[in-house]
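Structure file entry-v4.cif (mmCIF, C-alpha atoms) follows.
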data_start
loop_
_atom_site.label_atom_id
_atom_site.label_comp_id
_atom_site.auth_asym_id
_atom_site.auth_seq_id
_atom_site.Cartn_x
_atom_site.Cartn_y
_atom_site.Cartn_z
CA MET A 275 27.88 -37.28 -4.09
CA ARG A 276 30.49 -36.98 -6.80
CA GLN A 277 34.08 -37.75 -7.59
CA LEU A 278 36.76 -35.18 -6.96
CA THR A 279 38.14 -33.03 -9.72
CA GLU A 280 41.83 -32.98 -10.48
CA GLU A 281 42.40 -29.79 -8.53
CA GLU A 282 40.46 -31.03 -5.53
CA THR A 283 42.35 -34.32 -5.56
CA LYS A 284 45.63 -32.47 -5.59
CA THR A 285 44.61 -30.27 -2.67
CA LEU A 286 43.42 -33.27 -0.68
CA PHE A 287 46.53 -35.32 -1.32
CA SER A 288 48.90 -32.49 -0.54
CA LYS A 289 47.18 -32.06 2.81
CA LEU A 290 47.29 -35.79 3.53
CA ALA A 291 50.93 -35.93 2.46
CA HIS A 292 51.62 -33.33 5.13
CA TYR A 293 50.97 -35.99 7.76
CA THR A 294 51.80 -39.19 5.93
CA GLY A 295 54.75 -40.61 4.10
CA ARG A 296 55.12 -42.53 0.87
CA SER A 297 52.74 -45.21 2.04
CA LEU A 298 49.86 -42.89 1.21
CA ASN A 299 49.73 -44.76 -2.10
CA SER A 300 48.05 -47.66 -0.34
CA LEU A 301 45.10 -45.39 0.43
CA VAL A 302 44.23 -45.21 -3.24
CA ALA A 303 45.60 -48.41 -4.70
CA PRO A 304 43.63 -51.52 -3.85
CA THR A 305 45.41 -53.67 -1.33
CA ASP A 306 45.72 -57.42 -1.82
CA GLY A 307 42.24 -58.84 -1.78
CA GLY A 308 40.83 -55.68 -0.25
CA PRO A 309 38.16 -53.51 -1.83
CA GLN A 310 39.13 -50.51 -3.93
CA MET A 311 38.78 -47.38 -1.85
CA VAL A 312 37.65 -44.08 -3.30
CA PHE A 313 37.19 -40.47 -2.26
CA ARG A 314 33.80 -38.87 -2.79
CA LEU A 315 32.59 -35.32 -2.30
CA GLN A 316 29.22 -34.61 -0.72
CA GLY A 317 28.53 -30.93 -0.31
CA SER A 318 31.90 -29.61 0.79
CA ARG A 319 32.84 -32.73 2.75
CA VAL A 320 35.10 -35.48 1.48
CA TYR A 321 34.43 -39.08 2.39
CA TYR A 322 36.60 -42.14 2.01
CA MET A 323 34.84 -45.40 1.33
CA PRO A 324 34.92 -48.64 -0.64
CA LEU A 325 33.82 -48.34 -4.24
CA ALA A 326 30.87 -50.66 -3.65
CA ILE A 327 29.42 -48.31 -1.04
CA ALA A 328 30.04 -45.32 -3.29
CA ASN A 329 28.06 -47.03 -6.03
CA LEU A 330 25.23 -47.83 -3.65
CA ALA A 331 25.17 -44.24 -2.44
CA THR A 332 24.20 -43.04 -5.92
CA SER A 333 20.70 -44.36 -5.33
CA ILE A 334 20.14 -41.91 -2.49
CA PRO A 335 19.18 -38.32 -3.33
CA ARG A 336 21.86 -35.76 -2.54
CA ASP A 337 19.68 -33.86 -0.09
CA ASN A 338 18.89 -36.97 1.88
CA LEU A 339 22.41 -38.34 2.04
CA LEU A 340 24.07 -37.27 5.26
CA SER A 341 27.25 -39.31 5.32
CA ALA A 342 28.87 -42.36 3.76
CA GLY A 343 32.16 -43.96 4.66
CA THR A 344 34.75 -42.11 6.71
CA GLN A 345 34.73 -38.35 6.67
CA MET A 346 38.18 -37.05 5.82
CA GLY A 347 37.55 -33.35 6.10
CA LYS A 348 36.04 -30.50 4.20
CA PHE A 349 36.85 -27.96 1.56
CA THR A 350 36.68 -24.39 2.71
CA LYS A 351 35.11 -21.70 0.59
CA THR A 352 38.55 -20.53 -0.42
CA GLY A 353 39.37 -23.96 -1.80
CA LYS A 354 41.65 -25.14 0.98
CA PHE A 355 41.19 -28.47 2.68
CA ARG A 356 40.70 -29.00 6.42
CA LEU A 357 41.28 -32.42 7.88
CA ASN A 358 38.67 -33.63 10.30
CA LEU A 359 39.36 -35.65 13.43
CA THR A 360 37.57 -38.64 11.89
CA CYS A 361 40.38 -39.09 9.39
CA LEU A 362 42.77 -40.00 12.19
CA ASP A 363 42.18 -43.73 11.84
CA VAL A 364 42.90 -43.56 8.12
CA VAL A 365 45.98 -41.36 8.41
CA ALA A 366 47.59 -42.77 11.58
CA PRO A 367 48.92 -46.03 10.06
CA HIS A 368 50.80 -44.03 7.43
CA ALA A 369 52.15 -41.29 9.70
CA ARG A 370 55.40 -39.65 8.69
CA TYR A 371 56.27 -38.08 12.03
CA LYS A 372 55.09 -39.43 15.33
CA LEU A 373 55.10 -38.24 18.89
CA TRP A 374 54.35 -40.37 21.92
CA ILE A 375 53.13 -38.57 24.99
CA LYS A 376 53.57 -39.73 28.53
CA ALA A 377 50.65 -40.90 30.63
CA ASN A 378 50.63 -37.67 32.61
CA GLY A 379 50.33 -35.67 29.39
CA GLU A 380 47.38 -37.56 27.93
CA MET A 381 44.64 -35.75 29.79
CA PRO A 382 45.89 -32.23 29.11
CA PHE A 383 46.10 -33.14 25.42
CA LEU A 384 42.66 -34.74 25.31
CA TYR A 385 41.17 -31.63 26.90
CA GLY A 386 42.45 -29.58 24.01
CA GLY A 387 45.81 -28.46 25.25
CA ASN A 388 49.03 -28.22 23.30
CA VAL A 389 51.81 -30.68 23.99
CA VAL A 390 54.56 -29.37 26.22
CA LYS A 391 58.02 -30.79 26.32
CA ALA A 392 57.59 -32.27 29.78
CA HIS A 393 54.84 -34.54 28.46
CA VAL A 394 56.75 -35.91 25.50
CA GLY A 395 57.82 -39.51 25.87
CA ARG A 396 59.66 -39.72 22.57
CA TRP A 397 59.33 -38.40 19.06
CA SER A 398 60.57 -39.00 15.54
CA GLU A 399 64.07 -37.82 14.90
CA ASP A 400 64.88 -35.39 12.12
CA CYS A 401 61.51 -33.74 12.20
CA PRO A 402 61.58 -30.31 10.60
CA GLU A 403 59.59 -27.41 11.99
CA HIS A 404 55.98 -26.83 10.91
CA SER A 405 55.31 -30.37 9.85
CA GLY A 406 52.31 -32.55 10.60
CA VAL A 407 52.68 -34.98 13.47
CA ILE A 408 50.44 -37.76 14.74
CA VAL A 409 50.20 -38.01 18.52
CA TYR A 410 50.12 -41.40 20.22
CA ASN A 411 49.94 -42.47 23.81
CA GLN A 412 52.39 -44.94 25.28
CA ASP A 413 50.26 -47.87 24.09
CA ASP A 414 50.52 -46.71 20.46
CA THR A 415 46.91 -45.60 20.31
CA PRO A 416 46.53 -42.54 18.10
CA LEU A 417 45.13 -39.68 20.16
CA GLY A 418 45.14 -36.91 17.61
CA PHE A 419 47.36 -34.86 15.42
CA GLY A 420 49.18 -31.62 15.72
CA GLY A 421 49.58 -29.45 12.75
CA ASN A 422 52.80 -27.77 13.51
CA ILE A 423 55.43 -29.48 15.38
CA SER A 424 56.88 -26.52 17.10
CA LEU A 425 59.60 -27.96 19.15
CA GLY A 426 60.19 -24.45 20.23
CA ARG A 427 63.15 -23.20 22.16
CA LEU A 428 61.94 -20.77 24.72
CA ASN A 429 64.84 -18.59 25.62
CA MET A 430 64.63 -15.87 28.17
CA ARG A 431 64.45 -13.04 25.71
CA GLU A 432 61.38 -14.49 24.07
CA LEU A 433 59.71 -14.94 27.41
CA THR A 434 60.39 -11.45 28.61
CA ASN A 435 59.24 -9.86 25.39
CA GLY A 436 56.07 -11.91 25.42
CA GLN A 437 56.62 -13.09 21.89
CA ILE A 438 54.92 -16.08 20.38
CA VAL A 439 56.84 -19.27 20.70
CA SER A 440 58.79 -19.84 17.58
CA ALA A 441 58.57 -23.20 15.93
CA ARG A 442 61.78 -25.15 15.88
CA ALA A 443 62.97 -28.55 14.80
CA THR A 444 63.50 -31.67 16.85
CA GLN A 445 67.15 -30.96 17.47
CA GLU A 446 66.34 -27.66 19.05
CA ALA A 447 63.59 -29.10 21.17
CA LYS A 448 66.27 -30.84 23.17
CA LYS A 449 67.37 -27.47 24.44
CA LEU A 450 63.82 -26.51 25.32
CA ASP A 451 62.67 -26.02 28.90
CA PRO A 452 59.98 -28.42 30.19
CA THR A 453 57.06 -26.00 29.87
CA GLY A 454 57.88 -25.05 26.30
CA ILE A 455 55.24 -25.94 23.72
CA VAL A 456 56.43 -28.69 21.44
CA LEU A 457 53.35 -29.26 19.33
CA PHE A 458 50.26 -27.24 18.58
CA ARG A 459 47.13 -29.33 18.78
CA GLN A 460 44.91 -29.52 15.74
CA ALA A 461 42.63 -32.41 16.57
CA ASP A 462 42.33 -34.87 19.43
CA VAL A 463 39.96 -37.70 20.20
CA GLY A 464 38.52 -35.67 23.05
CA GLU A 465 36.62 -33.79 20.36
CA TYR A 466 34.30 -36.75 20.01
CA LEU A 467 32.84 -35.65 23.32
CA ARG A 468 33.56 -31.95 23.32
CA GLU A 469 32.31 -31.31 19.79
CA GLU A 470 29.69 -34.01 19.81
CA ASP A 471 26.95 -31.72 18.53
CA THR A 472 28.87 -30.10 15.73
CA LEU A 473 31.35 -32.74 14.63
CA PHE A 474 29.22 -34.17 11.83
CA THR A 475 27.02 -31.23 10.99
CA THR A 476 27.31 -30.16 7.40
CA MET B 8 -1.27 -10.19 -62.19
CA ALA B 9 -3.31 -7.28 -63.44
CA PRO B 10 -5.71 -9.29 -65.59
CA THR B 11 -6.47 -11.69 -62.84
CA ARG B 12 -7.19 -8.81 -60.55
CA GLY B 13 -9.58 -7.39 -63.07
CA SER B 14 -11.43 -10.64 -63.42
CA SER B 15 -11.79 -10.95 -59.69
CA SER B 16 -13.12 -7.42 -59.43
CA LYS B 17 -15.54 -8.19 -62.18
CA GLY B 18 -17.11 -11.02 -60.30
CA SER B 19 -17.27 -9.18 -57.03
CA SER B 20 -18.54 -5.93 -58.42
CA SER B 21 -21.19 -7.55 -60.54
CA LYS B 22 -23.19 -8.57 -57.55
CA GLY B 23 -22.96 -5.18 -55.92
CA SER B 24 -23.94 -3.37 -59.07
CA SER B 25 -26.93 -5.54 -59.63
CA SER B 26 -28.25 -4.76 -56.21
CA LYS B 27 -27.54 -1.10 -56.75
CA GLY B 28 -29.27 -1.10 -60.07
CA SER B 29 -32.34 -2.69 -58.66
CA SER B 30 -32.57 -0.13 -55.90
CA SER B 31 -32.02 2.87 -58.14
CA GLY B 32 -34.33 1.54 -60.75
CA GLY B 33 -31.87 1.88 -63.63
CA GLY B 34 -33.04 -1.18 -65.46
CA SER B 35 -32.88 0.55 -68.85
CA LYS B 36 -29.11 0.50 -68.88
CA GLY B 37 -29.00 -3.21 -68.36
CA SER B 38 -31.50 -3.65 -71.14
CA VAL B 39 -29.37 -1.57 -73.51
CA LYS B 40 -26.39 -3.79 -72.99
CA GLY B 41 -28.48 -6.70 -73.86
CA LYS B 42 -27.41 -10.11 -72.75
CA THR B 43 -24.85 -9.00 -70.21
CA SER B 44 -27.41 -7.53 -67.94
CA ASN B 45 -25.45 -8.07 -64.72
CA PHE B 46 -22.42 -6.08 -65.98
CA SER B 47 -21.97 -2.86 -64.06
CA SER B 48 -19.80 0.26 -64.30
CA ASP B 49 -16.77 -1.79 -63.30
CA SER B 50 -17.29 -4.09 -66.18
CA ARG B 51 -17.37 -1.08 -68.38
CA VAL B 52 -14.02 0.06 -67.08
CA SER B 53 -12.61 -3.27 -67.84
CA LYS B 54 -14.00 -2.95 -71.26
CA SER B 55 -12.27 0.35 -71.76
CA SER B 56 -9.00 -1.18 -70.56
CA LYS B 57 -9.43 -3.85 -73.11
CA LYS B 58 -9.75 -1.16 -75.70
CA ASN B 59 -6.52 0.57 -74.61
CA ALA B 60 -4.59 -2.62 -74.18
CA PRO B 61 -2.83 -2.63 -77.53
CA LYS B 62 -1.48 0.90 -76.92
CA ARG B 63 0.03 0.25 -73.49
CA PRO B 64 3.15 -1.81 -73.02
CA PRO B 65 2.49 -5.15 -71.43
CA PRO B 66 2.80 -5.10 -67.61
CA LYS B 67 6.20 -6.11 -66.49
CA GLU B 68 6.83 -8.17 -63.48
CA VAL B 69 9.30 -6.27 -61.33
CA LYS B 70 9.83 -8.76 -58.54
CA SER B 71 9.89 -12.44 -58.98
CA LYS B 72 9.52 -13.15 -55.27
CA ALA B 73 8.45 -11.23 -52.20
CA ARG B 74 11.08 -9.86 -49.89
CA THR B 75 9.70 -11.90 -47.05
CA ALA B 76 9.89 -15.14 -48.96
CA PRO B 77 11.79 -17.77 -47.03
CA GLU B 78 14.37 -18.11 -49.78
CA ASN B 79 15.22 -14.44 -49.72
CA LEU B 80 15.48 -14.42 -45.99
CA GLN B 81 17.83 -17.36 -45.98
CA LYS B 82 20.13 -15.99 -48.59
CA LYS B 83 21.33 -13.02 -46.62
CA LYS B 84 24.16 -14.04 -44.40
CA LYS B 85 26.04 -11.39 -42.52
CA ARG B 86 29.75 -11.68 -42.30
CA VAL B 87 30.96 -12.52 -38.86
CA TYR B 88 34.11 -10.75 -37.78
CA THR B 89 36.57 -12.40 -35.48
CA GLU B 90 38.08 -10.60 -32.51
CA ALA B 91 41.40 -10.31 -34.26
CA GLU B 92 39.84 -8.72 -37.35
CA LEU B 93 38.10 -6.09 -35.30
CA ASP B 94 41.36 -5.12 -33.68
CA LEU B 95 39.68 -3.69 -30.63
CA PRO B 96 41.76 -2.65 -27.66
CA LYS B 97 41.75 -5.48 -25.15
CA LEU B 98 40.53 -3.39 -22.26
CA ASN B 99 37.57 -2.26 -24.33
CA SER B 100 36.22 -5.73 -25.00
CA ILE B 101 33.44 -7.35 -23.03
CA THR B 102 35.32 -10.36 -21.73
CA PRO B 103 38.13 -9.31 -19.42
CA VAL B 104 41.66 -10.39 -20.25
CA GLY B 105 42.53 -13.77 -18.83
CA VAL B 106 38.95 -14.91 -18.47
CA ILE B 107 38.57 -16.04 -22.07
CA LYS B 108 38.10 -19.76 -22.17
CA PRO B 109 39.33 -21.81 -25.08
CA LYS B 110 36.61 -22.57 -27.59
CA GLY B 111 35.58 -26.11 -28.24
CA LYS B 112 36.73 -27.27 -24.86
CA LYS B 113 34.36 -29.33 -22.77
CA LYS B 114 32.43 -27.36 -20.24
CA GLY B 115 32.33 -28.32 -16.57
CA LYS B 116 34.54 -30.32 -14.23
CA THR B 117 36.92 -33.06 -15.16
CA PHE B 118 36.73 -35.83 -12.62
CA VAL B 119 39.53 -38.11 -11.63
CA ASP B 120 37.85 -41.45 -11.67
CA ASP B 121 40.47 -44.04 -12.44
CA SER B 122 43.06 -45.04 -9.90
CA GLU B 123 45.85 -44.48 -12.41
CA GLY B 124 45.07 -40.78 -12.65
CA MET B 125 44.92 -40.60 -8.90
CA MET B 126 48.26 -42.32 -8.58
CA THR B 127 49.91 -39.87 -10.95
CA ILE B 128 48.56 -36.94 -8.97
CA LEU B 129 49.65 -38.61 -5.76
CA ALA B 130 53.13 -39.21 -7.12
CA MET B 131 53.39 -35.55 -8.12
CA VAL B 132 52.21 -34.38 -4.72
CA ASN B 133 54.55 -36.76 -2.93
CA ALA B 134 57.54 -35.64 -4.93
CA GLU B 135 56.69 -32.02 -4.26
CA LYS B 136 56.25 -32.66 -0.55
CA GLU B 137 59.49 -34.55 -0.23
CA GLY B 138 61.33 -31.81 -2.03
CA GLN B 139 59.86 -29.32 0.41
CA ILE B 140 60.84 -31.40 3.41
CA GLU B 141 64.31 -31.94 2.04
CA SER B 142 64.80 -28.24 1.50
CA LYS B 143 63.43 -27.55 4.96
CA MET B 144 65.85 -29.97 6.53
CA MET B 145 68.72 -28.50 4.58
CA LYS B 146 67.72 -25.05 5.65
CA ALA B 147 67.38 -26.14 9.27
CA ARG B 148 70.81 -27.74 9.17
CA GLN B 149 72.36 -24.66 7.64
CA LEU B 150 70.67 -22.44 10.19
CA GLU B 151 71.89 -24.69 12.95
CA GLU B 152 75.43 -24.47 11.61
CA ILE B 153 75.19 -20.72 11.41
CA ARG B 154 73.86 -20.57 14.94
CA GLU B 155 76.66 -22.77 16.20
CA ALA B 156 79.25 -20.69 14.42
CA ARG B 157 77.78 -17.51 15.84
CA LYS B 158 77.73 -19.01 19.31
CA ASN B 159 81.36 -20.04 19.02
CA GLU B 160 82.28 -16.63 17.74
CA MET B 161 80.50 -14.95 20.62
CA GLU B 162 82.20 -17.20 23.13
CA SER B 163 85.62 -16.58 21.62
CA ARG B 164 84.94 -12.85 21.61
CA ILE B 165 83.93 -12.90 25.25
CA ALA B 166 87.04 -14.91 26.12
CA GLU B 167 89.18 -12.46 24.20
CA LYS B 168 87.60 -9.55 26.01
CA LYS B 169 88.15 -11.23 29.33
CA GLY B 170 91.74 -11.91 28.45
CA LYS B 171 92.27 -8.30 27.48
CA LEU B 172 90.74 -7.15 30.72
CA GLU B 173 92.93 -9.49 32.65
CA ALA B 174 95.95 -8.22 30.82
CA VAL B 175 95.05 -4.64 31.65
CA LYS B 176 94.49 -5.64 35.25
CA ASP B 177 97.83 -7.31 35.37
CA THR B 178 99.54 -4.27 33.97
CA ILE B 179 97.85 -2.11 36.57
CA ARG B 180 98.85 -4.51 39.31
CA ASN B 181 102.37 -4.52 38.08
CA LYS B 182 102.33 -0.76 38.02
CA LYS B 183 101.04 -0.74 41.54
CA LYS B 184 103.76 -3.08 42.59
CA GLY B 185 106.41 -0.97 40.96
CA GLY B 186 104.94 2.48 41.84
CA LYS B 187 104.87 4.41 45.12
CA PRO B 188 102.19 3.29 47.58
CA GLY B 189 101.77 6.84 48.96
CA ALA B 190 100.59 8.26 45.64
CA LYS B 191 97.76 5.74 45.42
CA ASP B 192 96.53 6.62 48.88
CA GLU B 193 96.18 10.23 47.92
CA SER B 194 94.26 9.59 44.76
CA SER B 195 91.72 7.16 46.30
CA PRO B 196 91.10 7.60 49.96
CA ALA B 197 88.36 4.96 50.01
CA ALA B 198 90.70 2.29 48.75
CA SER B 199 93.47 3.35 51.01
CA LYS B 200 92.62 0.79 53.63
CA SER B 201 92.58 -2.11 51.24
CA SER B 202 95.69 -0.93 49.46
CA GLY B 203 97.41 -0.51 52.78
CA SER B 204 96.43 -3.99 53.81
CA LYS B 205 97.57 -5.32 50.46
CA PHE B 206 100.91 -3.81 50.91
CA SER B 207 101.22 -5.31 54.29
CA LYS B 208 100.09 -8.73 52.97
CA PRO B 209 101.14 -9.14 49.36
CA LYS B 210 99.94 -12.78 49.20
CA ARG B 211 96.29 -11.91 49.70
CA LYS B 212 96.36 -9.40 46.88
CA SER B 213 96.34 -12.00 44.16
CA VAL B 214 93.12 -13.53 45.55
CA SER B 215 91.09 -10.36 46.07
CA PHE B 216 88.82 -8.89 43.39
CA ALA B 217 90.21 -5.68 41.89
#
Final structure tokens representation of the file:
Amino acid sequence: MRQLTEEETKTLFSKLAHYTGRSLNSLVAPTDGGPQMVFRLQGSRVYYMPLAIANLATSIPRDNLLSAGTQMGKFTKTGKFRLNLTCLDVVAPHARYKLWIKANGEMPFLYGGNVVKAHVGRWSEDCPEHSGVIVYNQDDTPLGFGGNISLGRLNMRELTNGQIVSARATQEAKKLDPTGIVLFRQADVGEYLREEDTLFTT
Amino acid sequence: MAPTRGSSSKGSSSKGSSSKGSSSGGGSKGSVKGKTSNFSSDSRVSKSSKKNAPKRPPPKEVKSKARTAPENLQKKKKRVYTEAELDLPKLNSITPVGVIKPKGKKKGKTFVDDSEGMMTILAMVNAEKEGQIESKMMKARQLEEIREARKNEMESRIAEKKGKLEAVKDTIRNKKKGGKPGAKDESSPAASKSSGSKFSKPKRKSVSFA
């Protein structure tokens, strides 16, 4: 387990900033009376934990250490960063764009489906296309996140040509028909059951 | 050097000669020499050298130290040429262009440990992200404006076309009104019925689709 290098830190933060706003600072800076939180790399996985736990973890050999703190995601071999579902609880309080789905849309989303316009309760205004969005249910419980908000306008020409739904902004989603995909799913809490075997494998 | 060598040979050879002499039975020679009975042929040679010594020049020492002496080995230091001095073409060198790392720089990764460093990186990333979002929003707004403008243009064009068509229709109708009804019947026998009915009931004509 080691600290992140400058480049890795930049990659991680730029990915997190995709979903969160300015308040991301509070992830790094110690809150009032709270412990200082740090990011640590174990293998290719990044974990978020209090400094005290990170210091304790140094006494465990690298091969034996499976996990410590909250797993944020992993670095791919090409150097990109993939957020894991487990980071949802860390990211959700600082979300930049939010989307609340109706009760009838919860199940389709938790089974791995994309969010269609008919299932959207409400969403953040002024949301540009291809931005990260956190999905909540009506009780404000974070259910997952969608990478691209694609509040796509499905016009007839696109349907007849069989083209991929183009990603559009919030304003355009208003013109969308009810079955049009509004958000592409990236992670949902249903994965805890569906991907139970592989979620924490390194 | 030479005299010392001679002395050493003397000592070593003396033993061998004595044994030889005893085996061969040449004891007379030793007796002739008198006291130095254990002197052999080697000793004689040395004697002769002693005789010639004044004639020869004294042996000169050519080398003060052996080539393999540590001092000699240390002294030789080859000049090291820098890359610039060699002036080799860049493609011909071993290290490819762009891979050369600055000398004297610390090897390995530089970790971001302190929160201050992290905050600076975070601030940079945030600024970059916000700039991106801002530009995206601007772009989206512009695109929306363009789309609206295009839509309006299309609508106006369609309206214009419709108006033109209507105008043409009106002119035709007017012509029909003014022209002879018999001529129309000849040209289009299919429409003769309708035209005939129109003529009989001019009020309905305005309602019907041309």
Output check: residues returned by the PyMOL selection byres ((chain B) within 9 of (chain A)), as a PDB file with C-alpha atoms, keeping the file's coordinate frame:
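Output file selection_11.pdb follows:
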ATOM      1  CA  LYS B 116      34.540 -30.320 -14.230  1.00  0.00           C
ATOM      2  CA  THR B 117      36.920 -33.060 -15.160  1.00  0.00           C
ATOM      3  CA  PHE B 118      36.730 -35.830 -12.620  1.00  0.00           C
ATOM      4  CA  VAL B 119      39.530 -38.110 -11.630  1.00  0.00           C
ATOM      5  CA  ASP B 120      37.850 -41.450 -11.670  1.00  0.00           C
ATOM      6  CA  SER B 122      43.060 -45.040  -9.900  1.00  0.00           C
ATOM      7  CA  GLU B 123      45.850 -44.480 -12.410  1.00  0.00           C
ATOM      8  CA  GLY B 124      45.070 -40.780 -12.650  1.00  0.00           C
ATOM      9  CA  MET B 125      44.920 -40.600  -8.900  1.00  0.00           C
ATOM     10  CA  MET B 126      48.260 -42.320  -8.580  1.00  0.00           C
ATOM     11  CA  ILE B 128      48.560 -36.940  -8.970  1.00  0.00           C
ATOM     12  CA  LEU B 129      49.650 -38.610  -5.760  1.00  0.00           C
ATOM     13  CA  ALA B 130      53.130 -39.210  -7.120  1.00  0.00           C
ATOM     14  CA  MET B 131      53.390 -35.550  -8.120  1.00  0.00           C
ATOM     15  CA  VAL B 132      52.210 -34.380  -4.720  1.00  0.00           C
ATOM     16  CA  ASN B 133      54.550 -36.760  -2.930  1.00  0.00           C
ATOM     17  CA  GLU B 135      56.690 -32.020  -4.260  1.00  0.00           C
ATOM     18  CA  LYS B 136      56.250 -32.660  -0.550  1.00  0.00           C
ATOM     19  CA  GLU B 137      59.490 -34.550  -0.230  1.00  0.00           C
ATOM     20  CA  ILE B 140      60.840 -31.400   3.410  1.00  0.00           C
ATOM     21  CA  LYS B 143      63.430 -27.550   4.960  1.00  0.00           C
ATOM     22  CA  MET B 144      65.850 -29.970   6.530  1.00  0.00           C
ATOM     23  CA  ALA B 147      67.380 -26.140   9.270  1.00  0.00           C
ATOM     24  CA  GLU B 151      71.890 -24.690  12.950  1.00  0.00           C
TER      25      GLU B 151
END
**OP:** For atom CA of A:Arg468 and atom CA of A:Gly386, determine how far apart the two atoms are, in Å to one decimal place.
**Re:**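 If I compute the distance from atom CA of A:Arg468 to atom CA of A:Gly386, I get 9.2 Å.
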Original post:
Please, what distance in Å, to one decimal, runs between atom CA of A:Gly379 and atom CA of A:Ala392?
Top reply: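 These two atoms are separated by 8.0 Å.
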Original post:
Mind pulling up the distance from atom CA of A:Lys348 to atom CA of A:Met275?
Top reply: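 Going from atom CA of A:Met275 over to atom CA of A:Lys348, I get 13.5 Å.
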Subject >> Matched chain/residue IDs from the PyMOL selection byres ((chain A and resi 324) around 10), as a PyMOL selection string >> reply: chain A and resi 304+308-313+322-323+325-329+342-344
Subject >> Within 10 Å of stretch 363-366 of chain A using all atoms listed in the file, minus same-chain residues under 4 positions, as a count of residues only >> reply: 24
Subject >> Minimum-distance residue to A:Leu315, chosen among A:Gly347, A:Gly464, A:Gly353, A:Pro335 (using all atoms listed in the file) >> reply: A:Gly347
**OP:** Starting from the displayed file, determine the output of the PyMOL selection byres ((chain A and resi 318) around 9) and express the residue list as a count of residues only.
**Re:** 11
